$ cat model.pdb   # PDB, C-alpha atoms and all ligand atoms
ATOM      1  CA  MET U  19      -4.215 139.864 179.924
ATOM      2  CA  SER U  20      -3.748 137.482 177.002
ATOM      3  CA  PRO U  21      -0.183 136.159 176.536
ATOM      4  CA  ARG U  22       1.918 137.878 173.897
ATOM      5  CA  PRO U  23       2.964 135.850 170.872
ATOM      6  CA  CYS U  24       6.445 134.410 171.121
ATOM      7  CA  SER U  25       7.883 136.738 168.455
ATOM      8  CA  ASP U  26       6.507 139.861 170.218
ATOM      9  CA  ALA U  27       8.020 138.733 173.499
ATOM     10  CA  ARG U  28      11.486 138.835 171.924
ATOM     11  CA  VAL U  29      11.145 142.317 170.456
ATOM     12  CA  GLY U  30      13.260 144.804 172.330
ATOM     13  CA  ARG U  31      15.825 142.377 173.660
ATOM     14  CA  PRO U  32      19.355 143.726 173.109
ATOM     15  CA  GLU U  33      20.425 140.699 171.064
ATOM     16  CA  GLU U  34      17.317 141.014 168.933
ATOM     17  CA  LYS U  35      18.165 144.643 168.214
ATOM     18  CA  VAL U  36      21.731 143.720 167.281
ATOM     19  CA  ARG U  37      20.481 141.019 164.921
ATOM     20  CA  ALA U  38      17.951 143.427 163.389
ATOM     21  CA  VAL U  39      20.674 146.009 162.717
ATOM     22  CA  GLY U  40      22.896 143.327 161.155
ATOM     23  CA  ASP U  41      20.048 142.042 158.976
ATOM     24  CA  ARG U  42      19.220 145.565 157.868
ATOM     25  CA  VAL U  43      22.836 146.379 156.969
ATOM     26  CA  LEU U  44      23.216 143.170 154.962
ATOM     27  CA  SER U  45      19.907 143.694 153.233
ATOM     28  CA  VAL U  46      20.755 147.305 152.269
ATOM     29  CA  LEU U  47      24.242 146.366 151.023
ATOM     30  CA  GLY U  48      22.887 143.378 149.104
ATOM     31  CA  ARG U  49      20.547 145.669 147.146
ATOM     32  CA  GLN U  50      23.269 148.113 145.980
ATOM     33  CA  ARG U  51      23.264 147.160 142.303
ATOM     34  CA  TRP U  52      25.516 150.092 141.428
ATOM     35  CA  LEU U  53      28.335 148.075 142.999
ATOM     36  CA  ASP U  54      28.049 145.495 140.209
ATOM     37  CA  ARG U  55      29.876 147.574 137.622
ATOM     38  CA  PRO U  56      33.084 148.143 139.627
ATOM     39  CA  GLY U  57      32.767 144.553 140.852
ATOM     40  CA  TYR U  58      32.717 143.068 137.374
ATOM     41  CA  ARG U  59      35.523 145.367 136.250
ATOM     42  CA  LEU U  60      37.669 144.142 139.101
ATOM     43  CA  GLU U  61      36.754 140.536 138.353
ATOM     44  CA  HIS U  62      37.685 140.951 134.680
ATOM     45  CA  ALA U  63      40.989 142.633 135.571
ATOM     46  CA  LEU U  64      41.844 139.718 137.864
ATOM     47  CA  GLY U  65      40.788 137.180 135.253
ATOM     48  CA  PHE U  66      42.990 138.822 132.608
ATOM     49  CA  ALA U  67      45.955 139.068 134.957
ATOM     50  CA  LEU U  68      45.756 135.375 135.906
ATOM     51  CA  ALA U  69      45.109 134.243 132.321
ATOM     52  CA  ALA U  70      48.118 136.282 131.122
ATOM     53  CA  CYS U  71      50.334 134.254 133.470
ATOM     54  CA  GLY U  72      49.182 130.951 131.905
ATOM     55  CA  GLY U  73      49.914 127.818 133.950
ATOM     56  CA  ALA U  74      51.698 129.847 136.630
ATOM     57  CA  GLY U  75      48.553 131.946 137.076
ATOM     58  CA  GLU U  76      46.494 128.788 137.567
ATOM     59  CA  ARG U  77      48.941 127.444 140.156
ATOM     60  CA  VAL U  78      48.935 130.752 142.024
ATOM     61  CA  SER U  79      45.136 130.848 141.931
ATOM     62  CA  ASN U  80      44.926 127.269 143.274
ATOM     63  CA  LEU U  81      47.395 128.163 145.998
ATOM     64  CA  LEU U  82      45.385 131.232 147.034
ATOM     65  CA  HIS U  83      42.048 129.401 146.948
ATOM     66  CA  GLY U  84      43.385 126.631 149.200
ATOM     67  CA  THR U  85      42.805 123.792 146.740
ATOM     68  CA  TRP U  86      45.854 122.070 148.254
ATOM     69  CA  LEU U  87      44.403 122.498 151.757
ATOM     70  CA  GLY U  88      40.946 120.999 151.258
ATOM     71  CA  HIS U  89      39.188 124.192 152.347
ATOM     72  CA  PRO U  90      39.630 127.922 151.641
ATOM     73  CA  LEU U  91      42.940 129.475 152.672
ATOM     74  CA  HIS U  92      41.445 132.926 153.356
ATOM     75  CA  PRO U  93      39.974 132.226 156.846
ATOM     76  CA  LEU U  94      43.363 130.922 157.946
ATOM     77  CA  VAL U  95      45.245 133.957 156.668
ATOM     78  CA  VAL U  96      42.877 136.568 158.136
ATOM     79  CA  ALA U  97      43.839 135.428 161.624
ATOM     80  CA  LEU U  98      47.346 136.834 161.068
ATOM     81  CA  PRO U  99      46.564 140.575 160.674
ATOM     82  CA  SER U 100      43.928 140.382 163.420
ATOM     83  CA  GLY U 101      46.422 138.846 165.835
ATOM     84  CA  ALA U 102      49.273 141.174 164.912
ATOM     85  CA  VAL U 103      47.195 144.342 165.224
ATOM     86  CA  ALA U 104      45.576 143.114 168.447
ATOM     87  CA  ALA U 105      49.130 142.796 169.788
ATOM     88  CA  THR U 106      49.826 146.360 168.596
ATOM     89  CA  VAL U 107      46.800 147.680 170.487
ATOM     90  CA  ALA U 108      47.815 145.767 173.631
ATOM     91  CA  LEU U 109      51.393 147.070 173.418
ATOM     92  CA  ASP U 110      50.100 150.624 172.908
ATOM     93  CA  VAL U 111      48.090 150.304 176.105
ATOM     94  CA  ALA U 112      51.079 148.866 177.945
ATOM     95  CA  ALA U 113      53.289 151.709 176.692
ATOM     96  CA  VAL U 114      51.112 154.234 178.552
ATOM     97  CA  LEU U 115      52.092 152.627 181.866
ATOM     98  CA  PRO U 116      55.286 153.805 183.532
ATOM     99  CA  GLY U 117      58.291 151.708 182.659
ATOM    100  CA  HIS U 118      59.599 150.551 179.298
ATOM    101  CA  ALA U 119      57.607 152.904 177.056
ATOM    102  CA  SER U 120      60.149 153.226 174.264
ATOM    103  CA  GLY U 121      60.746 149.467 173.977
ATOM    104  CA  LEU U 122      57.024 148.794 173.951
ATOM    105  CA  ARG U 123      56.464 151.460 171.305
ATOM    106  CA  GLU U 124      59.133 149.885 169.126
ATOM    107  CA  ALA U 125      57.553 146.452 169.593
ATOM    108  CA  SER U 126      54.117 147.795 168.744
ATOM    109  CA  ARG U 127      55.416 149.362 165.502
ATOM    110  CA  LEU U 128      57.057 146.062 164.594
ATOM    111  CA  SER U 129      53.856 144.184 165.284
ATOM    112  CA  LEU U 130      51.905 146.695 163.191
ATOM    113  CA  GLY U 131      54.324 146.142 160.300
ATOM    114  CA  VAL U 132      53.628 142.407 160.492
ATOM    115  CA  GLY U 133      49.902 143.219 160.538
ATOM    116  CA  ILE U 134      50.224 145.324 157.361
ATOM    117  CA  LEU U 135      52.019 142.550 155.457
ATOM    118  CA  ALA U 136      49.497 139.973 156.694
ATOM    119  CA  SER U 137      46.621 142.277 155.650
ATOM    120  CA  LEU U 138      47.987 142.299 152.110
ATOM    121  CA  ALA U 139      48.157 138.486 152.121
ATOM    122  CA  ALA U 140      44.586 138.291 153.432
ATOM    123  CA  ALA U 141      43.410 140.719 150.736
ATOM    124  CA  THR U 142      45.062 138.614 148.020
ATOM    125  CA  THR U 143      43.384 135.377 149.123
ATOM    126  CA  GLY U 144      40.084 137.156 149.732
ATOM    127  CA  VAL U 145      39.814 138.837 146.350
ATOM    128  CA  ASN U 146      40.739 135.569 144.647
ATOM    129  CA  ASP U 147      37.778 133.844 146.341
ATOM    130  CA  TRP U 148      35.448 136.824 145.927
ATOM    131  CA  GLN U 149      35.784 136.981 142.123
ATOM    132  CA  HIS U 150      33.450 133.976 141.700
ATOM    133  CA  THR U 151      30.642 135.229 143.922
ATOM    134  CA  LYS U 152      27.372 136.591 142.585
ATOM    135  CA  GLU U 153      24.777 139.255 143.342
ATOM    136  CA  GLN U 154      24.268 139.963 147.079
ATOM    137  CA  SER U 155      27.384 138.041 148.106
ATOM    138  CA  ARG U 156      29.429 139.900 145.524
ATOM    139  CA  ARG U 157      28.184 143.306 146.725
ATOM    140  CA  VAL U 158      28.679 142.526 150.406
ATOM    141  CA  GLY U 159      32.105 141.074 149.583
ATOM    142  CA  LEU U 160      33.084 144.214 147.699
ATOM    143  CA  VAL U 161      32.183 146.421 150.682
ATOM    144  CA  HIS U 162      34.045 143.999 152.986
ATOM    145  CA  GLY U 163      37.136 144.345 150.782
ATOM    146  CA  ALA U 164      36.796 148.154 150.541
ATOM    147  CA  LEU U 165      36.590 148.447 154.336
ATOM    148  CA  ASN U 166      39.680 146.283 154.686
ATOM    149  CA  ALA U 167      41.499 148.489 152.163
ATOM    150  CA  VAL U 168      40.647 151.549 154.294
ATOM    151  CA  VAL U 169      41.824 149.691 157.403
ATOM    152  CA  THR U 170      45.119 148.733 155.765
ATOM    153  CA  GLY U 171      45.571 152.358 154.658
ATOM    154  CA  LEU U 172      45.100 153.489 158.273
ATOM    155  CA  TYR U 173      47.645 150.918 159.446
ATOM    156  CA  VAL U 174      50.181 152.173 156.908
ATOM    157  CA  LEU U 175      49.500 155.761 157.984
ATOM    158  CA  SER U 176      49.923 154.737 161.592
ATOM    159  CA  TRP U 177      53.188 152.934 160.910
ATOM    160  CA  CYS U 178      54.603 155.982 159.090
ATOM    161  CA  ASP U 179      53.487 158.332 161.870
ATOM    162  CA  ARG U 180      55.072 156.132 164.515
ATOM    163  CA  ARG U 181      58.289 156.017 162.534
ATOM    164  CA  ARG U 182      58.366 159.813 162.329
ATOM    165  CA  GLY U 183      57.813 160.124 166.071
ATOM    166  CA  ARG U 184      54.142 161.148 165.890
ATOM    167  CA  HIS U 185      53.204 158.363 168.232
ATOM    168  CA  VAL U 186      49.819 159.615 169.467
ATOM    169  CA  ARG U 187      48.542 160.175 165.928
ATOM    170  CA  GLY U 188      49.860 156.755 164.942
ATOM    171  CA  VAL U 189      48.097 155.083 167.854
ATOM    172  CA  ALA U 190      44.853 156.871 166.971
ATOM    173  CA  ALA U 191      45.006 155.728 163.326
ATOM    174  CA  SER U 192      45.686 152.058 164.139
ATOM    175  CA  THR U 193      43.024 152.013 166.870
ATOM    176  CA  VAL U 194      40.381 153.442 164.525
ATOM    177  CA  GLY U 195      41.474 150.934 161.874
ATOM    178  CA  TYR U 196      41.194 148.056 164.318
ATOM    179  CA  GLY U 197      37.686 149.219 165.240
ATOM    180  CA  ILE U 198      36.635 149.199 161.575
ATOM    181  CA  THR U 199      37.819 145.582 161.249
ATOM    182  CA  ALA U 200      34.957 144.605 163.579
ATOM    183  CA  ALA U 201      32.412 145.879 161.039
ATOM    184  CA  SER U 202      34.353 144.380 158.167
ATOM    185  CA  GLY U 203      34.679 141.072 160.033
ATOM    186  CA  TYR U 204      30.905 140.985 160.502
ATOM    187  CA  LEU U 205      30.428 141.285 156.732
ATOM    188  CA  GLY U 206      33.085 138.645 156.045
ATOM    189  CA  ALA U 207      31.507 136.236 158.527
ATOM    190  CA  SER U 208      28.074 136.773 156.980
ATOM    191  CA  LEU U 209      29.487 135.746 153.604
ATOM    192  CA  VAL U 210      30.612 132.426 155.073
ATOM    193  CA  TYR U 211      27.952 131.609 157.657
ATOM    194  CA  ARG U 212      24.899 133.051 155.916
ATOM    195  CA  SER U 213      25.682 132.902 152.209
ATOM    196  CA  GLY U 214      27.874 129.814 152.378
ATOM    197  CA  VAL U 215      30.811 131.289 150.421
ATOM    198  CA  GLY U 216      33.738 128.934 150.942
ATOM    199  CA  VAL U 217      31.539 126.265 152.536
ATOM    200  CA  ASP U 218      31.343 122.839 150.882
ATOM    201  CA  GLN U 219      28.132 123.078 148.840
ATOM    202  CA  SER U 220      28.073 119.518 147.561
ATOM    203  CA  GLY U 221      25.026 118.784 149.713
ATOM    204  CA  ALA U 222      23.878 115.533 151.268
ATOM    205  CA  ARG U 223      26.075 112.440 150.974
ATOM    206  CA  TRP U 224      24.727 108.989 150.261
ATOM    207  CA  ASP U 225      26.736 107.087 152.824
ATOM    208  CA  THR U 226      24.731 104.019 153.759
ATOM    209  CA  GLY U 227      23.439 101.261 151.553
ATOM    210  CA  GLU U 228      24.549  98.469 149.265
ATOM    211  CA  TRP U 229      24.813  98.054 145.516
ATOM    212  CA  THR U 230      21.663  99.735 144.205
ATOM    213  CA  PRO U 231      20.437  99.535 140.600
ATOM    214  CA  LEU U 232      19.827 103.101 139.407
ATOM    215  CA  LEU U 233      19.703 103.230 135.618
ATOM    216  CA  ALA U 234      19.687 100.968 132.567
ATOM    217  CA  GLU U 235      23.122 101.117 130.966
ATOM    218  CA  ALA U 236      21.587 101.724 127.539
ATOM    219  CA  ALA U 237      19.907 104.881 128.870
ATOM    220  CA  LEU U 238      23.234 106.584 129.585
ATOM    221  CA  ASP U 239      24.653 108.218 126.467
ATOM    222  CA  ALA U 240      28.295 109.212 126.141
ATOM    223  CA  GLY U 241      28.729 112.934 126.851
ATOM    224  CA  GLN U 242      25.264 113.217 128.377
ATOM    225  CA  PRO U 243      25.358 112.956 132.188
ATOM    226  CA  GLN U 244      22.152 111.941 133.917
ATOM    227  CA  ARG U 245      20.776 112.782 137.332
ATOM    228  CA  VAL U 246      19.461 109.897 139.433
ATOM    229  CA  GLU U 247      18.464 109.546 143.087
ATOM    230  CA  ALA U 248      19.529 107.035 145.706
ATOM    231  CA  ASP U 249      17.629 107.141 149.003
ATOM    232  CA  GLY U 250      16.634 110.727 148.203
ATOM    233  CA  VAL U 251      20.220 111.883 147.525
ATOM    234  CA  GLY U 252      20.934 113.309 144.064
ATOM    235  CA  LEU U 253      23.734 111.662 142.058
ATOM    236  CA  VAL U 254      25.030 112.221 138.555
ATOM    237  CA  LEU U 255      25.977 109.291 136.325
ATOM    238  CA  LEU U 256      28.255 109.822 133.337
ATOM    239  CA  ARG U 257      30.424 107.781 131.036
ATOM    240  CA  ASP U 258      34.214 107.811 131.206
ATOM    241  CA  GLY U 259      35.259 106.268 127.899
ATOM    242  CA  ASP U 260      33.381 103.255 126.545
ATOM    243  CA  ASP U 261      33.546 100.911 129.515
ATOM    244  CA  ASP U 262      33.480 102.915 132.689
ATOM    245  CA  VAL U 263      30.632 104.732 134.351
ATOM    246  CA  LEU U 264      31.174 107.360 137.041
ATOM    247  CA  ALA U 265      28.791 108.306 139.810
ATOM    248  CA  VAL U 266      29.359 111.648 141.576
ATOM    249  CA  GLY U 267      27.465 114.069 143.803
ATOM    250  CA  GLU U 268      24.994 116.252 141.951
ATOM    251  CA  LEU U 269      26.329 119.613 143.219
ATOM    252  CA  CYS U 270      29.732 121.229 142.829
ATOM    253  CA  PRO U 271      31.371 121.780 146.249
ATOM    254  CA  HIS U 272      32.279 125.364 145.302
ATOM    255  CA  LEU U 273      28.929 127.142 144.834
ATOM    256  CA  GLY U 274      26.588 124.252 144.124
ATOM    257  CA  ALA U 275      26.573 124.172 140.309
ATOM    258  CA  PRO U 276      24.564 121.251 138.865
ATOM    259  CA  MET U 277      27.216 118.710 137.876
ATOM    260  CA  VAL U 278      24.710 117.171 135.447
ATOM    261  CA  ASP U 279      25.721 120.095 133.192
ATOM    262  CA  GLY U 280      29.430 119.309 133.622
ATOM    263  CA  TRP U 281      31.623 117.337 131.265
ATOM    264  CA  MET U 282      34.641 115.024 131.146
ATOM    265  CA  ASP U 283      37.973 116.311 129.876
ATOM    266  CA  ARG U 284      41.171 114.234 129.958
ATOM    267  CA  GLY U 285      40.093 112.159 132.941
ATOM    268  CA  GLN U 286      38.774 115.142 134.859
ATOM    269  CA  LEU U 287      35.232 116.222 135.526
ATOM    270  CA  VAL U 288      34.723 119.939 134.810
ATOM    271  CA  CYS U 289      32.227 122.137 136.664
ATOM    272  CA  PRO U 290      29.980 124.107 134.285
ATOM    273  CA  TRP U 291      30.017 127.371 136.271
ATOM    274  CA  HIS U 292      33.593 128.306 137.162
ATOM    275  CA  GLY U 293      35.600 125.515 135.598
ATOM    276  CA  SER U 294      36.778 123.662 138.706
ATOM    277  CA  ARG U 295      38.274 120.315 137.726
ATOM    278  CA  PHE U 296      37.893 117.135 139.749
ATOM    279  CA  ASP U 297      39.837 113.908 139.373
ATOM    280  CA  ALA U 298      37.292 111.482 137.933
ATOM    281  CA  VAL U 299      38.565 108.599 140.058
ATOM    282  CA  THR U 300      39.064 110.184 143.475
ATOM    283  CA  GLY U 301      36.955 113.364 143.237
ATOM    284  CA  GLN U 302      39.917 115.429 144.498
ATOM    285  CA  VAL U 303      40.185 118.988 143.231
ATOM    286  CA  VAL U 304      42.684 119.421 140.413
ATOM    287  CA  ARG U 305      41.878 123.056 139.725
ATOM    288  CA  GLY U 306      39.935 125.580 141.855
ATOM    289  CA  PRO U 307      38.078 127.633 142.774
ATOM    290  CA  ALA U 308      36.548 124.570 144.488
ATOM    291  CA  THR U 309      38.571 123.421 147.473
ATOM    292  CA  ALA U 310      36.529 120.476 148.798
ATOM    293  CA  PRO U 311      36.451 117.203 146.847
ATOM    294  CA  LEU U 312      33.456 116.119 144.810
ATOM    295  CA  PRO U 313      31.648 113.134 146.374
ATOM    296  CA  CYS U 314      32.318 109.997 144.308
ATOM    297  CA  TYR U 315      30.597 106.609 144.433
ATOM    298  CA  GLN U 316      31.424 103.129 143.241
ATOM    299  CA  THR U 317      29.704 101.782 140.170
ATOM    300  CA  ARG U 318      29.327  98.466 138.373
ATOM    301  CA  ILE U 319      27.209  97.161 135.553
ATOM    302  CA  ARG U 320      25.128  94.053 136.179
ATOM    303  CA  ALA U 321      22.732  92.587 133.628
ATOM    304  CA  GLY U 322      22.660  95.842 131.653
ATOM    305  CA  THR U 323      21.915  97.955 134.738
ATOM    306  CA  ILE U 324      24.181 100.532 136.359
ATOM    307  CA  GLU U 325      24.501  99.793 140.068
ATOM    308  CA  VAL U 326      25.994 102.263 142.536
ATOM    309  CA  ARG U 327      27.047 102.019 146.145
ATOM    310  CA  PRO U 328      28.419 104.528 148.646
ATOM    311  CA  GLY U 329      31.955 104.392 149.910
ATOM    312  CA  GLY U 330      33.877 106.507 147.443
ATOM    313  CA  ARG U 331      35.718 105.510 144.367
ATOM    314  CA  ARG U 332      39.098 103.931 144.827
ATOM    315  CA  ALA U 333      42.460 105.266 143.796
ATOM    316  CA  PHE U 334      44.065 104.193 140.526
ATOM    317  CA  GLY U 335      46.035 101.336 142.083
ATOM    318  CA  GLN U 336      42.866  99.757 143.409
ATOM    319  CA  ARG U 337      40.859 100.074 140.268
ATOM    320  CA  GLN U 338      41.642  96.566 139.025
ATOM    321  CA  GLU U 339      40.699  94.991 142.349
ATOM    322  CA  TRP U 340      37.416  96.847 142.190
ATOM    323  CA  ALA U 341      36.867  95.742 138.601
ATOM    324  CA  ASP U 342      37.464  92.119 139.690
ATOM    325  CA  GLU U 343      34.455  92.371 141.947
ATOM    326  CA  ARG U 344      32.198  92.985 138.967
TER     327      ARG U 344
HETATM  328  S1  LIG P 401      30.236 126.189 141.224
HETATM  329 FE1  LIG P 401      32.068 127.306 141.044
HETATM  330  S2  LIG P 401      33.484 125.854 140.286
HETATM  331 FE2  LIG P 401      31.662 124.761 140.477
END

$ encode --input "model.pdb" --output "structure tokens"
Amino acid sequence: MSPRPCSDARVGRPEEKVRAVGDRVLSVLGRQRWLDRPGYRLEHALGFALAACGGAGERVSNLLHGTWLGHPLHPLVVALPSGAVAATVALDVAAVLPGHASGLREASRLSLGVGILASLAAATTGVNDWQHTKEQSRRVGLVHGALNAVVTGLYVLSWCDRRRGRHVRGVAASTVGYGITAASGYLGASLVYRSGVGVDQSGARWDTGEWTPLLAEAALDAGQPQRVEADGVGLVLLRDGDDDVLAVGELCPHLGAPMVDGWMDRGQLVCPWHGSRFDAVTGQVVRGPATAPLPCYQTRIRAGTIEVRPGGRRAFGQRQEWADER
């Protein structure tokens, strides 16, 4: 008998079947274009609400994105409802055993209440990140959010039932809700680990090498960034005023927008897709939705040529020292 091809040999394994089901679910959800209309309506409603709050809206949005943290806040917050409701389920099981049933029931209701509040916090951070996604990610994200809304509704129902003494019904509602979070969690994880939502998308770093001539200074016009390559890594060169030249990574850390289409505004580099702002000197995020900094490189001009080297630009206080090296 001739040996079976490698791919055939795997067919039928339990893990292969699980993966196939997951792939199929994601593929079907990603094709549901009818979800785009409610999705865009929700995005516009959020945009209007934040814009109506002016500077406060921007600060709240930055806070929810995790701009201050250096990576998205949402994955951190989702651990809270999961933990609290897992404790509820464990306490419900313990309450069945002979002993301190009423105390355990009270503790489980308290824990569920914490889970409900934490679910609302997770939903707030999640929807704030979701509003900038596109196409398949947006559709999968919308279903993820809808499932979580159903789950939170079940938790609220459960909490009310427990409070009114309908303990068995309350336990049933929270247990079903906790089961649905597994499906919802799968969708949420696929957004991060497959689609890269929330992952730093700035691509490869140029981190070894010395001063490298990349472009004639005369070829770089004000207001017209240019893409260049150093050891196969894409960089964008642009002017900051008359004398200074900046070199940054070619892709926005948020969702990979081409920074060659970005522009300078009051000492900040602006992403062309969702308006994230990066400090032109340090690359740190000034305004989200990006949370990771933009890679920055050192530049100097020698004999009419722009030279760049890895190592990151220096903070304001060091700028003069760096200029002295020129
Ligand atoms: S790609 Fe979204 S802010 Fe840059």

$ closest_atom_pairs --input "model.pdb" --of "chain U" --to "ligand LIG 401 (chain P)" --cutoff "10 Å" --atoms "all atoms listed in the file" --output "tab-separated table"
residue	atom	partner	partner_atom	distance
U:His150	CA	P:LIG401	FE1	6.8
U:Thr151	CA	P:LIG401	FE1	8.5
U:Gln219	CA	P:LIG401	S1	8.5
U:Ser220	CA	P:LIG401	S1	9.5
U:Leu269	CA	P:LIG401	FE2	7.9
U:Cys270	CA	P:LIG401	FE2	4.7
U:Pro271	CA	P:LIG401	FE2	6.5
U:His272	CA	P:LIG401	S1	4.6
U:Leu273	CA	P:LIG401	S1	4.0
U:Gly274	CA	P:LIG401	S1	5.0
U:Ala275	CA	P:LIG401	S1	4.3
U:Pro276	CA	P:LIG401	S1	7.9
U:Met277	CA	P:LIG401	FE2	7.9
U:Gly280	CA	P:LIG401	FE2	9.0
U:Val288	CA	P:LIG401	FE2	8.0
U:Cys289	CA	P:LIG401	FE2	4.7
U:Pro290	CA	P:LIG401	FE2	6.4
U:Trp291	CA	P:LIG401	S1	5.1
U:His292	CA	P:LIG401	S2	4.0
U:Gly293	CA	P:LIG401	S2	5.2
U:Ser294	CA	P:LIG401	S2	4.3
U:Arg295	CA	P:LIG401	S2	7.8
U:Phe296	CA	P:LIG401	S2	9.8
U:Arg305	CA	P:LIG401	S2	8.9
U:Gly306	CA	P:LIG401	S2	6.6
U:Pro307	CA	P:LIG401	S2	5.5
U:Ala308	CA	P:LIG401	S2	5.4
U:Thr309	CA	P:LIG401	S2	9.1
U:Leu312	CA	P:LIG401	FE2	9.8

$ resolve_selection --input "model.pdb" --expression "the PyMOL selection byres (((chain U and resi 232) around 6) and not hetatm)" --output "list of chain:residue names"
U:Pro231, U:Leu233, U:Ile324, U:Glu325

$ residues_around --input "model.pdb" --residues "Val210 (chain U)" --least-positions-apart "4" --cutoff "12 Å" --atoms "only C-alpha atoms" --output "list in words"
Pro90, His92, Pro93, Gly144, Asp147, Trp148, Thr151, Ser155, Val158, Gly159, Gly203, Tyr204, Leu205, Gly206, Gly214, Val215, Gly216, Val217, Asp218, Gln219 and Leu273 of chain U

$ closest_residue --input "model.pdb" --among "U:Ser176, U:Ser120, U:Thr226, U:Gln302" --to "Tyr196 (chain U)" --atoms "only C-alpha atoms"
U:Ser176

$ resolve_selection --input "model.pdb" --expression "the PyMOL selection byres (((chain U and resi 126) around 9) and not hetatm)" --output "list in words"
Val103, Ala105, Thr106, Val107, Ala108, Leu109, Asp110, Ala113, Gly121, Leu122, Arg123, Glu124, Ala125, Arg127, Leu128, Ser129, Leu130 and Gly131 of chain U

$ resolve_selection --input "model.pdb" --expression "the PyMOL selection byres (((chain U and resi 253-255) around 6) and not hetatm)" --output "number ranges by chain"
U: 243-247, 252, 256, 264-268, 278

$ residues_near_point --input "model.pdb" --point "(31.7, 145.8, 146.9)" --cutoff "9 Å" --atoms "only C-alpha atoms" --output "ChimeraX atom specification"
/U:47,50,53-54,56-57,155-164

$ atom_distance --input "model.pdb" --atom1 "CA of Arg49 (chain U)" --atom2 "CA of Leu82 (chain U)"
28.7 Å

$ atom_distance --input "model.pdb" --atom1 "CA of Arg257 (chain U)" --atom2 "CA of Ala240 (chain U)"
5.5 Å

$ atom_distance --input "model.pdb" --atom1 "CA of Leu135 (chain U)" --atom2 "CA of Cys178 (chain U)"
14.2 Å

$ closest_residue --input "model.pdb" --among "U:Tyr315, U:Asp262, U:Leu68, U:Thr323" --to "Gln149 (chain U)" --atoms "all atoms listed in the file"
U:Leu68

$ closest_residue --input "model.pdb" --among "U:Gly197, U:Gly117, U:Gly75, U:Gly322" --to "Ala234 (chain U)" --atoms "all atoms listed in the file"
U:Gly322

$ residues_around --input "model.pdb" --residues "Arg187 (chain U)" --least-positions-apart "5" --cutoff "12 Å" --atoms "only C-alpha atoms" --output "number ranges by chain"
U: 110, 172-173, 175-182, 192-194

$ write_last_selection --input "model.pdb" --atoms "C-alpha atoms" --output "PDB file, in the frame of the given file"
ATOM      1  CA  ASP U 110      50.100 150.624 172.908  1.00  0.00           C
ATOM      2  CA  LEU U 172      45.100 153.489 158.273  1.00  0.00           C
ATOM      3  CA  TYR U 173      47.645 150.918 159.446  1.00  0.00           C
ATOM      4  CA  LEU U 175      49.500 155.761 157.984  1.00  0.00           C
ATOM      5  CA  SER U 176      49.923 154.737 161.592  1.00  0.00           C
ATOM      6  CA  TRP U 177      53.188 152.934 160.910  1.00  0.00           C
ATOM      7  CA  CYS U 178      54.603 155.982 159.090  1.00  0.00           C
ATOM      8  CA  ASP U 179      53.487 158.332 161.870  1.00  0.00           C
ATOM      9  CA  ARG U 180      55.072 156.132 164.515  1.00  0.00           C
ATOM     10  CA  ARG U 181      58.289 156.017 162.534  1.00  0.00           C
ATOM     11  CA  ARG U 182      58.366 159.813 162.329  1.00  0.00           C
ATOM     12  CA  SER U 192      45.686 152.058 164.139  1.00  0.00           C
ATOM     13  CA  THR U 193      43.024 152.013 166.870  1.00  0.00           C
ATOM     14  CA  VAL U 194      40.381 153.442 164.525  1.00  0.00           C
TER      15      VAL U 194
END

$ closest_residue --input "model.pdb" --among "U:Leu98, U:Val43, U:Val251, U:Val168" --to "Ala140 (chain U)" --atoms "all atoms listed in the file"
U:Leu98

$ closest_residue --input "model.pdb" --among "U:Gln154, U:Gly171, U:Ser137, U:Leu209" --to "Val46 (chain U)" --atoms "all atoms listed in the file"
U:Gln154

$ residues_near_point --input "model.pdb" --point "(23.7, 100.3, 148.0)" --cutoff "9 Å" --atoms "all atoms listed in the file" --output "PyMOL selection string"
chain U and resi 225-231+248+325-328
